[in-house]
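Next comes entry-v7.txt, with compact mmCIF, C-alpha atoms.
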```
# COMPACT_ATOMS: atom_id res chain seq x y z
CA MET A 222 -16.65 -19.81 3.91
CA ASP A 223 -19.95 -20.84 5.52
CA ARG A 224 -20.50 -19.62 9.06
CA PRO A 225 -21.79 -22.03 11.72
CA LEU A 226 -25.36 -21.27 12.72
CA SER A 227 -24.34 -20.63 16.35
CA PHE A 228 -21.92 -17.91 15.24
CA LEU A 229 -24.54 -16.21 13.07
CA ARG A 230 -27.08 -16.23 15.90
CA ASN A 231 -24.57 -14.83 18.37
CA CYS A 232 -23.49 -12.20 15.87
CA GLU A 233 -27.09 -11.16 15.23
CA ARG A 234 -27.70 -10.85 18.98
CA TRP A 235 -24.51 -8.78 19.47
CA LEU A 236 -25.34 -6.46 16.61
CA MET A 237 -28.97 -5.93 17.53
CA SER A 238 -28.07 -5.04 21.11
CA GLY A 239 -25.37 -2.71 19.80
CA TYR A 240 -27.80 -0.94 17.45
CA GLU A 241 -30.31 -0.34 20.21
CA LEU A 242 -27.75 1.28 22.51
CA LEU A 243 -26.30 3.43 19.72
CA LEU A 244 -29.68 4.60 18.47
CA GLU A 245 -30.56 5.76 21.96
CA HIS A 246 -27.52 8.06 21.91
CA ALA A 247 -27.46 9.09 18.23
CA ASP A 248 -28.66 12.65 18.86
CA SER A 249 -26.13 13.24 21.62
CA VAL A 250 -23.32 11.95 19.38
CA ASN A 251 -24.31 14.39 16.63
CA GLU A 252 -24.48 17.22 19.18
CA LEU A 253 -20.95 16.37 20.32
CA LEU A 254 -19.73 16.21 16.72
CA ALA A 255 -21.10 19.71 16.18
CA ARG A 256 -19.50 20.95 19.42
CA TYR A 257 -16.12 19.53 18.35
CA GLY A 258 -16.43 21.30 15.00
CA VAL A 259 -16.81 18.18 12.88
CA LYS A 260 -17.96 20.02 9.80
CA PHE A 261 -17.46 19.94 6.07
CA GLY A 262 -16.92 23.23 4.27
CA ILE A 263 -17.92 23.88 0.69
CA TYR A 264 -17.47 26.75 -1.73
CA LYS A 265 -20.58 27.59 -3.72
CA ASN A 266 -21.20 30.74 -5.76
CA ASN A 267 -17.89 32.14 -4.47
CA THR A 268 -19.11 31.81 -0.87
CA PHE A 269 -17.61 29.58 1.81
CA LYS A 270 -20.18 27.72 3.89
CA GLU A 271 -19.60 25.25 6.70
CA GLN A 272 -22.17 22.55 7.27
CA LEU A 273 -22.46 19.63 9.63
CA PHE A 274 -21.57 16.23 8.24
CA PRO A 275 -24.53 14.27 9.66
CA PHE A 276 -23.71 10.97 11.36
CA ASP A 277 -26.03 7.98 11.28
CA ALA A 278 -25.65 5.56 14.18
CA ILE A 279 -26.52 2.37 12.29
CA PRO A 280 -23.11 1.09 11.16
CA ARG A 281 -22.12 -0.69 8.00
CA ILE A 282 -21.15 -4.27 8.92
CA ILE A 283 -18.43 -6.15 7.00
CA GLU A 284 -17.67 -9.76 7.93
CA LYS A 285 -14.08 -10.76 8.67
CA ASP A 286 -13.65 -13.03 5.63
CA GLU A 287 -15.29 -10.50 3.33
CA PHE A 288 -12.94 -7.76 4.51
CA SER A 289 -9.96 -10.07 4.14
CA ARG A 290 -10.73 -10.37 0.42
CA LEU A 291 -11.21 -6.61 0.15
CA GLU A 292 -7.88 -6.10 1.89
CA LYS A 293 -6.03 -8.31 -0.60
CA GLY A 294 -7.67 -6.60 -3.56
CA LEU A 295 -6.97 -3.10 -2.27
CA LYS A 296 -3.31 -3.86 -1.61
CA GLN A 297 -2.98 -5.31 -5.10
CA ARG A 298 -4.56 -2.27 -6.71
CA VAL A 299 -2.49 0.31 -4.84
CA LEU A 300 0.75 -1.56 -5.58
CA ALA A 301 -0.07 -1.52 -9.30
CA LEU A 302 -0.99 2.18 -9.25
CA ASN A 303 2.31 3.04 -7.56
CA LEU A 304 4.22 1.09 -10.20
CA PHE A 305 2.24 2.87 -12.91
CA LEU A 306 3.18 6.29 -11.53
CA LYS A 307 6.83 5.34 -11.29
CA ASP A 308 6.72 4.10 -14.89
CA ILE A 309 4.84 7.10 -16.30
CA TYR A 310 7.28 9.63 -14.89
CA SER A 311 10.28 7.64 -16.12
CA ARG A 312 10.40 5.00 -18.88
CA LYS A 313 6.68 4.94 -19.85
CA GLN A 314 7.01 1.28 -20.75
CA ILE A 315 3.28 0.66 -20.36
CA VAL A 316 2.68 3.22 -23.13
CA LYS A 317 5.42 1.79 -25.34
CA ASP A 318 3.90 -1.67 -24.96
CA GLY A 319 0.50 -0.41 -26.07
CA ILE A 320 -1.36 -1.09 -22.84
CA VAL A 321 -2.33 2.56 -22.15
CA PRO A 322 -2.63 5.03 -25.06
CA GLU A 323 -0.45 8.13 -24.71
CA ASP A 324 -3.58 10.28 -25.15
CA PHE A 325 -4.62 9.20 -21.66
CA ILE A 326 -1.31 10.32 -20.21
CA PHE A 327 -0.28 13.59 -21.76
CA ALA A 328 -3.83 14.90 -22.25
CA SER A 329 -4.68 14.26 -18.61
CA SER A 330 -5.01 17.37 -16.43
CA GLY A 331 -3.34 15.33 -13.69
CA TYR A 332 -0.14 14.73 -15.68
CA LEU A 333 2.56 17.25 -14.72
CA ALA A 334 5.60 17.52 -16.96
CA GLN A 335 7.55 19.07 -14.05
CA CYS A 336 7.50 15.64 -12.37
CA GLU A 337 9.35 13.89 -15.18
CA GLY A 338 12.38 12.04 -13.83
CA VAL A 339 11.66 12.99 -10.20
CA ARG A 340 11.75 9.97 -7.88
CA PRO A 341 10.04 10.48 -4.53
CA ALA A 342 11.53 9.19 -1.29
CA LYS A 343 11.48 5.36 -1.13
CA ASP A 344 9.83 5.36 -4.61
CA ILE A 345 6.41 5.75 -2.98
CA TYR A 346 3.94 7.96 -4.85
CA ALA A 347 0.61 7.20 -3.15
CA HIS A 348 1.28 7.08 0.59
CA ILE A 349 -2.42 7.48 1.44
CA SER A 350 -4.98 6.19 -1.05
CA GLY A 351 -8.74 6.52 -0.74
CA ILE A 352 -10.45 3.84 -2.83
CA ASP A 353 -14.21 4.24 -3.31
CA LEU A 354 -16.26 1.07 -3.57
CA VAL A 355 -19.89 0.00 -3.66
CA LYS A 356 -21.44 -3.39 -2.95
CA GLY A 357 -23.85 -4.49 -5.64
CA LYS A 358 -27.05 -6.37 -5.04
CA ASP A 359 -25.19 -9.35 -6.49
CA ASP A 360 -23.02 -9.20 -3.29
CA GLU A 361 -19.99 -8.24 -5.40
CA TRP A 362 -17.80 -5.28 -4.48
CA TYR A 363 -17.04 -2.84 -7.33
CA ILE A 364 -14.41 -0.12 -7.31
CA LEU A 365 -15.81 3.20 -8.52
CA GLU A 366 -12.84 5.52 -8.14
CA ASP A 367 -9.23 5.77 -7.01
CA ASN A 368 -8.23 8.88 -5.02
CA LEU A 369 -4.45 9.27 -4.97
CA ARG A 370 -3.95 13.01 -4.62
CA VAL A 371 -5.37 14.33 -1.34
CA PRO A 372 -7.98 11.79 -0.20
CA SER A 373 -9.92 12.88 2.87
CA GLY A 374 -12.41 11.41 5.31
CA ALA A 375 -10.60 9.09 7.73
CA SER A 376 -11.05 11.42 10.69
CA TYR A 377 -14.85 11.30 10.60
CA PRO A 378 -15.31 7.61 11.50
CA MET A 379 -12.41 7.92 13.95
CA ILE A 380 -14.04 10.63 16.04
CA ALA A 381 -17.54 9.19 15.60
CA ARG A 382 -16.38 5.82 16.94
CA ASP A 383 -14.68 7.55 19.86
CA LEU A 384 -17.85 9.45 20.77
CA CYS A 385 -19.97 6.33 20.36
CA ARG A 386 -17.63 4.49 22.75
CA ARG A 387 -18.22 7.17 25.35
CA SER A 388 -21.98 7.23 24.81
CA ALA A 389 -22.56 3.47 24.63
CA PRO A 390 -19.44 1.68 25.94
CA ARG A 391 -21.22 -1.65 26.36
CA THR A 392 -21.82 -1.80 22.62
CA PHE A 393 -18.10 -2.09 21.97
CA HIS A 394 -17.37 -4.37 24.92
CA ASN A 395 -19.95 -6.87 23.71
CA THR A 396 -19.50 -6.69 19.94
CA PRO A 397 -16.62 -8.43 18.10
CA ILE A 398 -15.41 -5.58 15.87
CA GLU A 399 -11.96 -4.34 14.89
CA ASP A 400 -10.72 -1.29 16.77
CA ASN A 401 -10.37 1.65 14.35
CA ARG A 402 -8.29 3.84 16.68
CA ASN A 403 -5.05 2.70 15.02
CA TYR A 404 -5.40 4.94 11.94
CA ALA A 405 -3.17 7.56 13.56
CA ASP A 406 -0.55 4.87 14.23
CA LEU A 407 -0.69 3.75 10.59
CA LEU A 408 -0.37 7.35 9.40
CA ARG A 409 2.53 8.04 11.77
CA LYS A 410 4.27 4.88 10.54
CA THR A 411 3.75 6.02 6.95
CA MET A 412 5.22 9.47 7.66
CA ASP A 413 8.17 8.04 9.58
CA HIS A 414 8.93 5.58 6.77
CA ALA A 415 8.96 8.32 4.12
CA ASN A 416 10.82 10.83 6.30
CA THR A 417 14.20 11.92 4.91
CA GLY A 418 15.42 13.39 8.21
CA GLY A 419 13.57 15.89 10.37
CA ILE A 420 10.12 16.44 11.81
CA ASN A 421 6.76 15.41 10.35
CA VAL A 422 4.31 18.17 9.44
CA ILE A 423 0.76 18.31 8.12
CA LEU A 424 0.45 21.19 5.68
CA THR A 425 -2.97 22.87 5.61
CA PRO A 426 -4.19 25.76 3.47
CA GLY A 427 -6.03 27.04 6.55
CA ARG A 428 -9.30 26.92 8.39
CA PHE A 429 -11.39 27.83 5.34
CA ASN A 430 -10.44 24.59 3.64
CA SER A 431 -13.30 22.08 3.41
CA ALA A 432 -11.41 19.47 5.44
CA TYR A 433 -9.68 21.68 8.01
CA PHE A 434 -11.19 19.76 10.90
CA GLU A 435 -9.45 16.64 9.60
CA HIS A 436 -6.08 18.40 9.23
CA SER A 437 -6.09 19.53 12.86
CA PHE A 438 -7.49 16.25 14.17
CA LEU A 439 -4.85 14.11 12.44
CA ALA A 440 -2.06 16.44 13.55
CA GLU A 441 -3.20 16.05 17.15
CA LYS A 442 -3.48 12.26 16.90
CA THR A 443 -0.16 11.67 15.10
CA GLY A 444 1.95 14.25 16.95
CA ALA A 445 2.84 15.96 13.65
CA TYR A 446 3.04 19.76 13.52
CA LEU A 447 0.05 21.45 11.87
CA VAL A 448 1.51 24.18 9.66
CA ASN A 449 0.59 26.54 6.86
CA GLY A 450 2.78 27.70 4.01
CA SER A 451 3.96 30.85 5.75
CA GLU A 452 5.56 28.73 8.51
CA LEU A 453 7.80 26.77 6.12
CA LEU A 454 10.97 28.02 4.47
CA VAL A 455 13.34 26.59 1.86
CA GLU A 456 17.01 27.31 2.35
CA ASN A 457 20.10 25.52 0.99
CA ASP A 458 17.98 22.76 -0.54
CA ARG A 459 16.37 21.97 2.83
CA LEU A 460 12.88 22.62 4.17
CA TYR A 461 12.52 24.22 7.60
CA TYR A 462 9.67 24.88 10.01
CA ILE A 463 9.89 28.32 11.63
CA THR A 464 8.78 28.05 15.25
CA ALA A 465 6.92 30.73 17.22
CA THR A 466 10.25 31.82 18.73
CA GLY A 467 11.89 32.14 15.31
CA SER A 468 14.08 29.04 15.56
CA ARG A 469 14.19 26.48 12.75
CA GLU A 470 13.56 22.76 12.63
CA GLN A 471 14.31 20.71 9.54
CA VAL A 472 11.30 18.98 8.00
CA GLY A 473 11.63 15.41 6.72
CA ALA A 474 8.06 14.58 5.68
CA VAL A 475 5.15 16.79 4.62
CA TYR A 476 1.66 15.31 4.61
CA ARG A 477 0.30 18.00 2.38
CA ARG A 478 -3.40 18.81 2.15
CA ILE A 479 -2.91 21.32 -0.67
CA SER A 480 -3.56 20.57 -4.34
CA ASP A 481 -0.59 20.06 -6.65
CA GLU A 482 -0.91 23.32 -8.53
CA TYR A 483 -0.87 25.49 -5.40
CA LEU A 484 1.99 23.80 -3.58
CA ASP A 485 4.93 25.68 -5.10
CA PRO A 486 4.47 28.99 -6.95
CA MET A 487 7.98 28.76 -8.40
CA ASN A 488 7.32 25.41 -10.07
CA PHE A 489 3.56 25.34 -10.61
CA ASN A 490 0.88 28.04 -10.31
CA PRO A 491 2.75 31.35 -9.85
CA GLU A 492 -0.35 32.99 -8.35
CA SER A 493 -0.53 30.61 -5.38
CA MET A 494 -0.47 32.39 -2.03
CA ILE A 495 -0.65 29.24 0.10
CA GLY A 496 2.33 27.26 -1.18
CA ILE A 497 6.02 27.21 -0.33
CA PRO A 498 8.40 28.64 -2.97
CA HIS A 499 10.95 26.05 -4.14
CA ILE A 500 9.61 23.16 -2.03
CA TYR A 501 9.57 21.00 -5.15
CA ASP A 502 13.25 21.73 -5.70
CA VAL A 503 13.88 20.19 -2.26
CA VAL A 504 11.85 17.15 -3.35
CA ARG A 505 13.98 16.83 -6.49
CA LYS A 506 17.09 16.75 -4.31
CA GLY A 507 15.57 13.97 -2.20
CA ASN A 508 15.71 16.09 0.95
CA VAL A 509 12.03 15.97 1.90
CA ALA A 510 9.16 13.56 1.31
CA LEU A 511 5.82 14.86 0.04
CA MET A 512 2.78 12.77 0.90
CA ASN A 513 1.27 12.20 -1.55
CA ALA A 514 3.67 12.82 -4.40
CA ILE A 515 2.89 15.61 -6.83
CA GLY A 516 1.61 14.40 -10.21
CA ASN A 517 -0.50 11.52 -8.90
CA GLY A 518 -3.55 12.93 -10.67
CA VAL A 519 -2.52 11.15 -13.86
CA ALA A 520 -3.31 7.84 -12.11
CA ASP A 521 -6.68 8.77 -10.61
CA ASP A 522 -7.99 10.38 -13.77
CA LYS A 523 -11.35 8.68 -14.44
CA GLY A 524 -10.13 7.82 -17.93
CA ILE A 525 -7.12 5.95 -16.51
CA TYR A 526 -9.47 4.06 -14.15
CA TYR A 527 -10.52 1.97 -17.17
CA PHE A 528 -6.96 0.66 -17.51
CA VAL A 529 -6.26 -0.29 -13.86
CA PRO A 530 -7.19 -3.99 -14.30
CA LYS A 531 -4.74 -4.06 -17.23
CA MET A 532 -2.09 -2.41 -15.04
CA ILE A 533 -2.49 -5.14 -12.43
CA ARG A 534 -1.90 -7.83 -15.04
CA TYR A 535 0.95 -5.87 -16.65
CA TYR A 536 2.95 -4.92 -13.53
CA LEU A 537 2.07 -7.73 -11.13
CA GLY A 538 1.24 -10.62 -13.46
CA GLU A 539 -1.97 -11.25 -11.49
CA ASP A 540 -5.68 -11.20 -12.20
CA PRO A 541 -7.50 -8.34 -10.44
CA ILE A 542 -9.13 -9.43 -7.20
CA LEU A 543 -11.64 -6.55 -7.18
CA LYS A 544 -13.73 -5.50 -10.15
CA ASN A 545 -14.15 -2.14 -11.81
CA ALA A 546 -17.67 -1.02 -12.60
CA PRO A 547 -18.36 -1.93 -16.28
CA THR A 548 -16.82 1.07 -18.06
CA TYR A 549 -16.66 2.33 -21.64
CA LEU A 550 -14.31 4.87 -23.20
CA PRO A 551 -15.96 6.95 -25.95
CA PHE A 552 -12.35 7.55 -27.07
CA TYR A 553 -12.61 4.10 -28.69
CA GLU A 554 -14.93 3.89 -31.69
CA GLU A 555 -16.61 0.70 -30.50
CA ASP A 556 -17.24 2.13 -27.03
CA MET A 557 -18.56 5.38 -28.51
CA LYS A 558 -21.06 3.42 -30.57
CA TYR A 559 -22.18 1.47 -27.50
CA THR A 560 -22.46 4.63 -25.38
CA LEU A 561 -24.62 6.42 -27.94
CA GLU A 562 -26.85 3.38 -28.48
CA TYR A 563 -27.42 2.62 -24.79
CA PHE A 564 -27.16 6.19 -23.52
CA ASP A 565 -30.31 5.98 -21.39
CA ARG A 566 -29.01 3.18 -19.20
CA LEU A 567 -25.55 4.63 -18.60
CA VAL A 568 -24.03 7.21 -16.28
CA ILE A 569 -21.60 9.59 -17.98
CA LYS A 570 -18.75 11.12 -15.98
CA ASP A 571 -16.47 14.03 -16.80
CA VAL A 572 -12.98 12.70 -16.09
CA ALA A 573 -11.75 16.02 -14.68
CA GLU A 574 -14.53 16.48 -12.12
CA ALA A 575 -14.76 15.19 -8.54
CA GLY A 576 -16.98 15.35 -5.45
CA GLY A 577 -20.07 14.10 -7.30
CA TYR A 578 -19.91 16.90 -9.87
CA GLY A 579 -19.85 16.25 -13.62
CA VAL A 580 -22.01 13.12 -13.28
CA VAL A 581 -24.90 12.74 -15.76
CA PHE A 582 -27.47 9.95 -15.76
CA GLY A 583 -28.62 9.40 -19.33
CA ASN A 584 -32.22 8.62 -18.38
CA LYS A 585 -32.58 11.88 -16.43
CA LEU A 586 -32.07 14.16 -19.44
CA THR A 587 -34.73 15.57 -21.73
CA ALA A 588 -34.68 14.68 -25.42
CA GLY A 589 -33.03 18.00 -26.24
CA GLU A 590 -30.44 17.65 -23.48
CA LYS A 591 -29.59 14.14 -24.68
CA ALA A 592 -29.05 15.34 -28.24
CA ASP A 593 -26.80 18.18 -27.06
CA PHE A 594 -24.82 15.92 -24.75
CA LYS A 595 -24.27 13.31 -27.44
CA GLU A 596 -22.84 15.99 -29.71
CA LEU A 597 -20.52 17.12 -26.89
CA LEU A 598 -19.48 13.49 -26.43
CA LYS A 599 -18.57 13.21 -30.11
CA ARG A 600 -16.57 16.47 -30.00
CA GLU A 601 -14.68 15.63 -26.79
CA PRO A 602 -14.53 11.83 -26.44
CA ARG A 603 -11.43 11.89 -24.20
CA ARG A 604 -13.28 14.07 -21.68
CA PHE A 605 -15.81 11.42 -20.62
CA ILE A 606 -16.25 7.84 -19.52
CA ALA A 607 -19.53 5.92 -19.52
CA GLN A 608 -20.47 3.31 -16.95
CA GLU A 609 -23.29 0.89 -16.36
CA VAL A 610 -25.37 2.04 -13.41
CA ILE A 611 -24.62 -0.42 -10.63
CA ASP A 612 -27.67 -1.09 -8.52
CA PHE A 613 -25.68 -1.03 -5.33
CA GLN A 614 -27.03 -2.05 -1.99
CA ASP A 615 -29.01 0.24 0.24
CA LEU A 616 -28.13 0.63 3.89
CA ASP A 617 -30.60 1.52 6.60
CA ILE A 618 -30.42 4.99 8.13
CA MET A 619 -32.58 6.82 10.64
CA ASP A 620 -34.50 9.71 9.09
CA GLN A 621 -36.81 11.71 11.38
CA GLY A 622 -37.29 8.71 13.62
CA GLN A 623 -37.99 6.30 10.77
CA ARG A 624 -35.71 3.56 9.54
CA VAL A 625 -35.31 3.99 5.76
CA ALA A 626 -32.98 2.60 3.08
CA ARG A 627 -30.50 4.83 1.24
CA LYS A 628 -27.65 4.31 -1.24
CA ALA A 629 -24.19 4.13 0.36
CA ASP A 630 -20.57 3.68 -0.70
CA LEU A 631 -17.36 2.90 1.18
CA ARG A 632 -14.09 4.80 1.05
CA ALA A 633 -11.34 2.40 2.07
CA PHE A 634 -7.97 3.79 3.13
CA VAL A 635 -4.70 2.15 2.10
CA LEU A 636 -1.46 3.50 3.56
CA MET A 637 1.97 2.66 2.15
CA ALA A 638 5.13 2.27 4.22
CA ASP A 639 7.41 -0.72 3.67
CA GLU A 640 4.24 -2.49 2.49
CA PRO A 641 0.61 -1.49 1.90
CA MET A 642 -1.61 -1.40 5.01
CA VAL A 643 -5.41 -1.38 4.81
CA TRP A 644 -7.22 0.33 7.67
CA LYS A 645 -9.82 -2.03 9.13
CA SER A 646 -12.54 0.59 9.04
CA GLY A 647 -13.44 3.19 6.46
CA LEU A 648 -15.76 6.06 5.62
CA THR A 649 -19.24 4.89 4.68
CA ARG A 650 -21.12 7.74 3.02
CA PHE A 651 -24.82 7.71 2.22
CA SER A 652 -27.27 9.80 0.25
CA ARG A 653 -30.01 11.49 2.21
CA ASN A 654 -32.05 11.79 -0.98
CA PRO A 655 -34.10 8.61 -1.60
CA ASP A 656 -33.82 9.08 -5.38
CA SER A 657 -30.08 9.79 -5.57
CA PHE A 658 -27.01 7.62 -6.13
CA ILE A 659 -24.70 10.55 -5.22
CA VAL A 660 -23.33 10.12 -1.69
CA ASN A 661 -20.62 12.81 -1.51
CA SER A 662 -20.59 15.11 1.51
CA SER A 663 -20.33 18.08 -0.86
CA GLN A 664 -23.70 16.96 -2.28
CA GLY A 665 -25.40 16.84 1.11
CA GLY A 666 -24.69 13.24 2.10
CA GLY A 667 -24.05 11.85 5.58
CA PHE A 668 -21.71 9.23 7.00
CA LYS A 669 -21.68 6.06 9.07
CA ASP A 670 -19.14 4.10 11.03
CA THR A 671 -17.84 0.94 9.37
CA TRP A 672 -17.63 -2.13 11.58
CA VAL A 673 -15.25 -4.86 10.43
CA LEU A 674 -15.99 -7.99 12.42
CA SER A 675 -12.99 -9.50 14.19
CA GLN A 676 -14.33 -13.06 14.32
```
Starting from the file, lay out its structure as structure tokens.
Amino acid sequence: MDRPLSFLRNCERWLMSGYELLLEHADSVNELLARYGVKFGIYKNNTFKEQLFPFDAIPRIIEKDEFSRLEKGLKQRVLALNLFLKDIYSRKQIVKDGIVPEDFIFASSGYLAQCEGVRPAKDIYAHISGIDLVKGKDDEWYILEDNLRVPSGASYPMIARDLCRRSAPRTFHNTPIEDNRNYADLLRKTMDHANTGGINVILTPGRFNSAYFEHSFLAEKTGAYLVNGSELLVENDRLYYITATGSREQVGAVYRRISDEYLDPMNFNPESMIGIPHIYDVVRKGNVALMNAIGNGVADDKGIYYFVPKMIRYYLGEDPILKNAPTYLPFYEEDMKYTLEYFDRLVIKDVAEAGGYGVVFGNKLTAGEKADFKELLKREPRRFIAQEVIDFQDLDIMDQGQRVARKADLRAFVLMADEPMVWKSGLTRFSRNPDSFIVNSSQGGGFKDTWVLSQ
């Protein structure tokens, strides 16, 4: 809807005054983030390295009506993905009806046969979903990726907003934006809803994990116990937390920050040293809730992404509210032909990769590299998707005292209890490289706060 001119002028005045105050304190906020240990760890060449996740004080602004549409579309998408997971690990009706080819189920590295017939508590598979979007220069939002396994990043805008409030309190008194401090409440509600009886715990692989700061921060904010695998024990089809004094407390919900394959050495990877033996047997009995459910990777496989609009129509009988980026599957002969013909204008993604890895821009390759890659594409068509390169909007950042434009995305967080809940904030990530579309923290990107206007 059209905004009255008076509102737009007031909004511009509020935002400009807010920017000025925040920019004055940007360095002190980053110093505090470093002091609090707000870092992102990466493994490279078999070496663990912690690095700061740089914060830019100029926020992304999303108008109230614009976010309302995003909220509806995100809820719709997550509902359909949950129904898809329930279907795939039971009747597989969407495959029988020819909507999704079985090659994209059973050949997916995210599909786990051990999950067949297992129904999670309350039939919720994706309790916390991280949906990555970009806003095109056509002012349209496009979904790039669904993250339904162990999505991370909510803690960074939470703590950044908190520090900004302390540094420039007038900014938030005078600016009509939604308060993002309720993420912990939403997460606690999600854990309590899934809980089968007992305490809530956040399961971390330990301080050398790339997102350990987030594990500890969310445990503190939600009141859940922060535990590692050695502090949990399965006995008589129940999961227990072993306290420092040796007593036991039954666990009802586990927000696990460990990948599927390492969670239970008796059911998955037998070499895992960080999991809990037989925890999945407790899940099968319905005596503990895992958040998120194991096996969700089949739904956030980049190949399955192509079919999500069809899932929405199939399960919900609705047209998708939010668009996918234009995507082609070389698995299909017609799409393979298109991909080979227009290779230079496409971005090719390996469906099994994440974190900005396995992404190839056709126009960046040499003639020899293109020829080799096309042959690989023909040999392994299921391994890749091709997408049109969306010229998504730049956002201003401060770089060495200069205001410059950089590519940025948005990770929106959808939590599922008795109904889906969209957090009125999000993680805006940006590239610090002026020539790059890759914004992931593991690729050297930074982050911003996301302001959703409340009026």
Point to revise | Option closest in space to Glu252 (chain A), from A:Gln608, A:Asn457, A:Thr425, A:Ser388 [counting only C-alpha atoms] | key: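 Answer, going by the shortest atom-to-atom distance: A:Ser388.
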Output as JSON lines one row per residue of region 292-385 of chain A within 12 Å of region 555-571 of chain A: the closest atom pair and its distance in Å to one decimal place, counting all atoms listed in the file, sorted by chain and residue number ascending.
```
{"residue": "A:Ser329", "atom": "CA", "partner": "A:Asp571", "partner_atom": "CA", "distance": 11.9}
{"residue": "A:Ser330", "atom": "CA", "partner": "A:Asp571", "partner_atom": "CA", "distance": 11.9}
{"residue": "A:Leu365", "atom": "CA", "partner": "A:Lys570", "partner_atom": "CA", "distance": 11.3}
{"residue": "A:Glu366", "atom": "CA", "partner": "A:Lys570", "partner_atom": "CA", "distance": 11.3}
```
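Of the residues listed (A:Thr392, A:Val475, A:Thr649, A:Lys313), A:Thr392 shows the shortest atom-to-atom separation from His246 (chain A); distances use only C-alpha atoms.
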Selection near region 523-536 of chain A, 6 Å with only C-alpha atoms, sequence-local residues under 4 positions removed, as a list in words: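 What passes the distance filter is Ala301, Asp540, Pro541 and Val572 of chain A.
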For each of A:Ala592, A:Leu243, A:Val250, A:Leu631, take the minimum atom-to-atom distance to Phe393 (chain A), counting all atoms listed in the file, then give the residue where this is smallest.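 For Phe393 (chain A), the nearest of the given residues is A:Leu243.
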